[in-house]
Amino acid sequence: MDTLNSSCWVDKNACAALCQLVLEDRRSGSTAGIRRPRLPPVLWSQHVAPFLRFEGPLPNMLYVFGGRNRQLGPVDSVEMLDTWNGQWVQCPDMPVRRAGSAAAALPDGRMLVVGGYDERGIAEGLLSTCDLYNPVTECWEKGGAAPLLRARWGHGCAVLGGKVYAVGGCSLRAHAQSRDASMETLRSCEVYDPELNAWESCASLKIGRSGARLVNLGDSRLAAVGGCDDVFGRAETQATVELFDVTAKCWTLLDLRLSEPRTSAAISAIDDTHIFVAGGAPSRATAEVYQVPLPNDQEDEAEKTFDHENFAAVIEMADGRMGCQAAMISLPRKGSDYPQTENRCVLVIGGERCDEVGEHPLPRVKQLSSVAAFDLDAGVWREESVVPSMSIPRTTVALCSGSGRVASARLK
């Protein structure tokens, strides 16, 4: 059997075990006395062996890009949750520091990190640039991707039809000087075409939103959930949800609202019609499942495939969080260990909590490095040990699930 340069086996006995399987197959070609054709050599050498040597990235990994740390300000560090080993691993730093950015996985597996602000702050440091990370080469691509048409932070990003949508956020007013008072909350949206490496304007939201989260609902819809409608004026936190239809190319403000207003919350689509929502300003610990309204015939069909018992009364998180993000990945079920990732879980990453301290005029703010995990299949919040804490506390991170190399097979 050929040995490739990246031959890092799952464990020290994997190579010997694989060779034994190949020899047994060649000797007998039978199972329980029933003769069968030998398995083709290409199956062992090009499919089984590369997997056991981790020669390429594996799916079901979670990346945390940048964010803001109280001591360090916006950071450029990147961590990946290695779901084979159940640990965080450090990835190459981003080309620039970013907080308040957003991220999405492109159809080819690369990851696009969009906008945000750097160490100079939300006005002087406002970013239109976009960086591209390749999980195969574990490198940031020189030159990144085309910049946004309008710099923004606090926006949402999601992929629909192979294109990346950037929705809402905050930006400087047109022709304004770089001062916080000259910023506005945006209704504007843009869409990125990876094949053309270009952004173009698309339909605007009905309500300006910053701190809203954008999720993909199937092949034709996006949902913008919650947010704040005027960060720099008489702000109102939103309990509203808007739906974008790629065919109609417009946003619709839904009548059904969240149970309470939320901005900078942890939000993830469960399926094409249900959205998991937790936390948000001001340091909420509550959680809910929002069901996207559908026509009666479609709603009846959706109900058949959704287990409401698991979400009849979603209990609160242990800690209230705002400035957090969420993504859905698979984790080991209770009683199992990595890499047996069988249960779908929504992970709530980072953020911060504000605690009132007696008569003190200012609340005490605590940033979080911990990860809360809600098990969608079991309908419970998991014990904290199922996902370890990140290396540093941070808020306003960009989050993206995709493929990545496990800790033992990372490129040097």
# chains A, B, ... in the order shown; residues from 1 in each chain; ligands from 1

call {"tool": "closest_atom_pairs", "arguments": {"of": "stretch 62-174 of chain A", "to": "stretch 330-353 of chain A", "cutoff": "7 Å", "atoms": "only C-alpha atoms", "output": "Markdown table"}}
result
| residue | atom | partner | partner_atom | distance |
| --- | --- | --- | --- | --- |
| A:Thr83 | CA | A:Pro339 | CA | 6.3 |
| A:Trp84 | CA | A:Pro339 | CA | 4.3 |
| A:Asn85 | CA | A:Tyr338 | CA | 5.7 |
| A:Gly86 | CA | A:Tyr338 | CA | 5.9 |

call {"tool": "write_last_selection", "arguments": {"atoms": "N, CA and C atoms", "output": "short mmCIF file (atom, residue, chain, number, x, y, z; two decimals), in the first residue's frame"}}
result
data_model
loop_
_atom_site.label_atom_id
_atom_site.label_comp_id
_atom_site.auth_asym_id
_atom_site.auth_seq_id
_atom_site.Cartn_x
_atom_site.Cartn_y
_atom_site.Cartn_z
N THR A 83 -14.13 18.29 16.32
CA THR A 83 -15.15 17.39 16.85
C THR A 83 -14.75 15.92 16.76
N TRP A 84 -13.55 15.64 16.26
CA TRP A 84 -13.03 14.27 16.34
C TRP A 84 -12.43 14.03 17.71
N ASN A 85 -11.76 15.05 18.23
CA ASN A 85 -11.09 14.92 19.53
C ASN A 85 -11.78 15.68 20.66
N GLY A 86 -12.76 16.54 20.32
CA GLY A 86 -13.45 17.29 21.36
C GLY A 86 -12.59 18.36 21.99
#

call {"tool": "residues_around", "arguments": {"residues": "stretch 103-114 of chain A", "least_positions_apart": "3", "cutoff": "10 Å", "atoms": "only C-alpha atoms", "output": "count of residues only"}}
result
52

call {"tool": "closest_residue", "arguments": {"among": "A:Met328, A:Gly226, A:Ser264, A:Ser370", "to": "A:Met61", "atoms": "only C-alpha atoms"}}
result
A:Met328

call {"tool": "residues_around", "arguments": {"residues": "A:Ser391", "least_positions_apart": "5", "cutoff": "10 Å", "atoms": "only C-alpha atoms", "output": "PyMOL selection string"}}
result
chain A and resi 77-79+88-90+369-370

call {"tool": "decode", "arguments": {"residues": "stretch 92-125 of chain A", "atoms": "N, CA and C atoms", "output": "PDB file, in the first residue's frame"}}
result
ATOM      1  N   PRO A  92      -4.410  29.577  11.812  1.00  0.00           N
ATOM      2  CA  PRO A  92      -3.657  30.795  11.493  1.00  0.00           C
ATOM      3  C   PRO A  92      -4.486  32.050  11.753  1.00  0.00           C
ATOM      4  N   ASP A  93      -3.842  33.052  12.320  1.00  0.00           N
ATOM      5  CA  ASP A  93      -4.514  34.316  12.606  1.00  0.00           C
ATOM      6  C   ASP A  93      -5.055  34.950  11.328  1.00  0.00           C
ATOM      7  N   MET A  94      -6.128  35.712  11.466  1.00  0.00           N
ATOM      8  CA  MET A  94      -6.664  36.455  10.333  1.00  0.00           C
ATOM      9  C   MET A  94      -5.664  37.525   9.891  1.00  0.00           C
ATOM     10  N   PRO A  95      -5.745  37.971   8.650  1.00  0.00           N
ATOM     11  CA  PRO A  95      -4.846  39.040   8.186  1.00  0.00           C
ATOM     12  C   PRO A  95      -5.026  40.345   8.951  1.00  0.00           C
ATOM     13  N   VAL A  96      -6.244  40.601   9.464  1.00  0.00           N
ATOM     14  CA  VAL A  96      -6.518  41.811  10.244  1.00  0.00           C
ATOM     15  C   VAL A  96      -7.368  41.425  11.445  1.00  0.00           C
ATOM     16  N   ARG A  97      -7.361  42.309  12.450  1.00  0.00           N
ATOM     17  CA  ARG A  97      -8.246  42.115  13.601  1.00  0.00           C
ATOM     18  C   ARG A  97      -9.672  42.461  13.191  1.00  0.00           C
ATOM     19  N   ARG A  98     -10.626  41.684  13.691  1.00  0.00           N
ATOM     20  CA  ARG A  98     -12.026  41.942  13.361  1.00  0.00           C
ATOM     21  C   ARG A  98     -12.926  41.632  14.552  1.00  0.00           C
ATOM     22  N   ALA A  99     -13.816  42.571  14.870  1.00  0.00           N
ATOM     23  CA  ALA A  99     -14.934  42.322  15.777  1.00  0.00           C
ATOM     24  C   ALA A  99     -16.195  42.775  15.062  1.00  0.00           C
ATOM     25  N   GLY A 100     -17.326  42.205  15.433  1.00  0.00           N
ATOM     26  CA  GLY A 100     -18.573  42.577  14.784  1.00  0.00           C
ATOM     27  C   GLY A 100     -18.655  42.170  13.329  1.00  0.00           C
ATOM     28  N   SER A 101     -17.844  41.211  12.919  1.00  0.00           N
ATOM     29  CA  SER A 101     -17.881  40.726  11.536  1.00  0.00           C
ATOM     30  C   SER A 101     -18.863  39.557  11.445  1.00  0.00           C
ATOM     31  N   ALA A 102     -18.970  38.957  10.278  1.00  0.00           N
ATOM     32  CA  ALA A 102     -19.809  37.772  10.072  1.00  0.00           C
ATOM     33  C   ALA A 102     -19.081  36.842   9.119  1.00  0.00           C
ATOM     34  N   ALA A 103     -19.471  35.576   9.107  1.00  0.00           N
ATOM     35  CA  ALA A 103     -18.769  34.592   8.280  1.00  0.00           C
ATOM     36  C   ALA A 103     -19.756  33.620   7.656  1.00  0.00           C
ATOM     37  N   ALA A 104     -19.344  33.034   6.533  1.00  0.00           N
ATOM     38  CA  ALA A 104     -20.165  32.037   5.843  1.00  0.00           C
ATOM     39  C   ALA A 104     -19.259  31.094   5.077  1.00  0.00           C
ATOM     40  N   ALA A 105     -19.696  29.831   4.941  1.00  0.00           N
ATOM     41  CA  ALA A 105     -18.934  28.829   4.192  1.00  0.00           C
ATOM     42  C   ALA A 105     -19.381  28.849   2.733  1.00  0.00           C
ATOM     43  N   LEU A 106     -18.431  29.011   1.828  1.00  0.00           N
ATOM     44  CA  LEU A 106     -18.728  29.015   0.393  1.00  0.00           C
ATOM     45  C   LEU A 106     -18.977  27.585  -0.093  1.00  0.00           C
ATOM     46  N   PRO A 107     -19.608  27.425  -1.243  1.00  0.00           N
ATOM     47  CA  PRO A 107     -19.882  26.078  -1.759  1.00  0.00           C
ATOM     48  C   PRO A 107     -18.629  25.226  -1.936  1.00  0.00           C
ATOM     49  N   ASP A 108     -17.458  25.840  -2.201  1.00  0.00           N
ATOM     50  CA  ASP A 108     -16.233  25.060  -2.382  1.00  0.00           C
ATOM     51  C   ASP A 108     -15.519  24.751  -1.071  1.00  0.00           C
ATOM     52  N   GLY A 109     -16.120  25.117   0.066  1.00  0.00           N
ATOM     53  CA  GLY A 109     -15.548  24.794   1.371  1.00  0.00           C
ATOM     54  C   GLY A 109     -14.739  25.903   1.996  1.00  0.00           C
ATOM     55  N   ARG A 110     -14.327  26.910   1.218  1.00  0.00           N
ATOM     56  CA  ARG A 110     -13.604  28.036   1.800  1.00  0.00           C
ATOM     57  C   ARG A 110     -14.554  28.863   2.670  1.00  0.00           C
ATOM     58  N   MET A 111     -13.972  29.661   3.558  1.00  0.00           N
ATOM     59  CA  MET A 111     -14.779  30.450   4.483  1.00  0.00           C
ATOM     60  C   MET A 111     -14.519  31.929   4.271  1.00  0.00           C
ATOM     61  N   LEU A 112     -15.605  32.683   4.168  1.00  0.00           N
ATOM     62  CA  LEU A 112     -15.553  34.107   3.905  1.00  0.00           C
ATOM     63  C   LEU A 112     -15.879  34.865   5.181  1.00  0.00           C
ATOM     64  N   VAL A 113     -14.966  35.728   5.623  1.00  0.00           N
ATOM     65  CA  VAL A 113     -15.180  36.567   6.810  1.00  0.00           C
ATOM     66  C   VAL A 113     -15.396  37.996   6.323  1.00  0.00           C
ATOM     67  N   VAL A 114     -16.513  38.584   6.716  1.00  0.00           N
ATOM     68  CA  VAL A 114     -17.022  39.790   6.064  1.00  0.00           C
ATOM     69  C   VAL A 114     -17.097  40.970   7.033  1.00  0.00           C
ATOM     70  N   GLY A 115     -16.449  42.090   6.660  1.00  0.00           N
ATOM     71  CA  GLY A 115     -16.619  43.355   7.358  1.00  0.00           C
ATOM     72  C   GLY A 115     -16.200  43.336   8.811  1.00  0.00           C
ATOM     73  N   GLY A 116     -16.886  44.174   9.641  1.00  0.00           N
ATOM     74  CA  GLY A 116     -16.541  44.329  11.045  1.00  0.00           C
ATOM     75  C   GLY A 116     -15.771  45.614  11.286  1.00  0.00           C
ATOM     76  N   TYR A 117     -15.038  45.667  12.388  1.00  0.00           N
ATOM     77  CA  TYR A 117     -14.174  46.815  12.693  1.00  0.00           C
ATOM     78  C   TYR A 117     -12.910  46.318  13.372  1.00  0.00           C
ATOM     79  N   ASP A 118     -11.827  47.097  13.260  1.00  0.00           N
ATOM     80  CA  ASP A 118     -10.546  46.690  13.831  1.00  0.00           C
ATOM     81  C   ASP A 118     -10.246  47.466  15.098  1.00  0.00           C
ATOM     82  N   GLU A 119      -8.968  47.464  15.514  1.00  0.00           N
ATOM     83  CA  GLU A 119      -8.562  48.068  16.793  1.00  0.00           C
ATOM     84  C   GLU A 119      -8.765  49.574  16.855  1.00  0.00           C
ATOM     85  N   ARG A 120      -9.029  50.209  15.724  1.00  0.00           N
ATOM     86  CA  ARG A 120      -9.244  51.658  15.712  1.00  0.00           C
ATOM     87  C   ARG A 120     -10.662  52.036  16.115  1.00  0.00           C
ATOM     88  N   GLY A 121     -11.574  51.059  16.252  1.00  0.00           N
ATOM     89  CA  GLY A 121     -12.920  51.339  16.711  1.00  0.00           C
ATOM     90  C   GLY A 121     -13.968  51.251  15.624  1.00  0.00           C
ATOM     91  N   ILE A 122     -15.231  51.470  16.029  1.00  0.00           N
ATOM     92  CA  ILE A 122     -16.355  51.225  15.119  1.00  0.00           C
ATOM     93  C   ILE A 122     -16.489  52.275  14.027  1.00  0.00           C
ATOM     94  N   ALA A 123     -15.820  53.425  14.171  1.00  0.00           N
ATOM     95  CA  ALA A 123     -15.899  54.452  13.138  1.00  0.00           C
ATOM     96  C   ALA A 123     -14.621  54.476  12.307  1.00  0.00           C
ATOM     97  N   GLU A 124     -13.497  54.833  12.931  1.00  0.00           N
ATOM     98  CA  GLU A 124     -12.218  54.882  12.208  1.00  0.00           C
ATOM     99  C   GLU A 124     -11.803  53.512  11.703  1.00  0.00           C
ATOM    100  N   GLY A 125     -12.183  52.468  12.444  1.00  0.00           N
ATOM    101  CA  GLY A 125     -11.751  51.116  12.078  1.00  0.00           C
ATOM    102  C   GLY A 125     -12.777  50.317  11.311  1.00  0.00           C
TER     103      GLY A 125
END
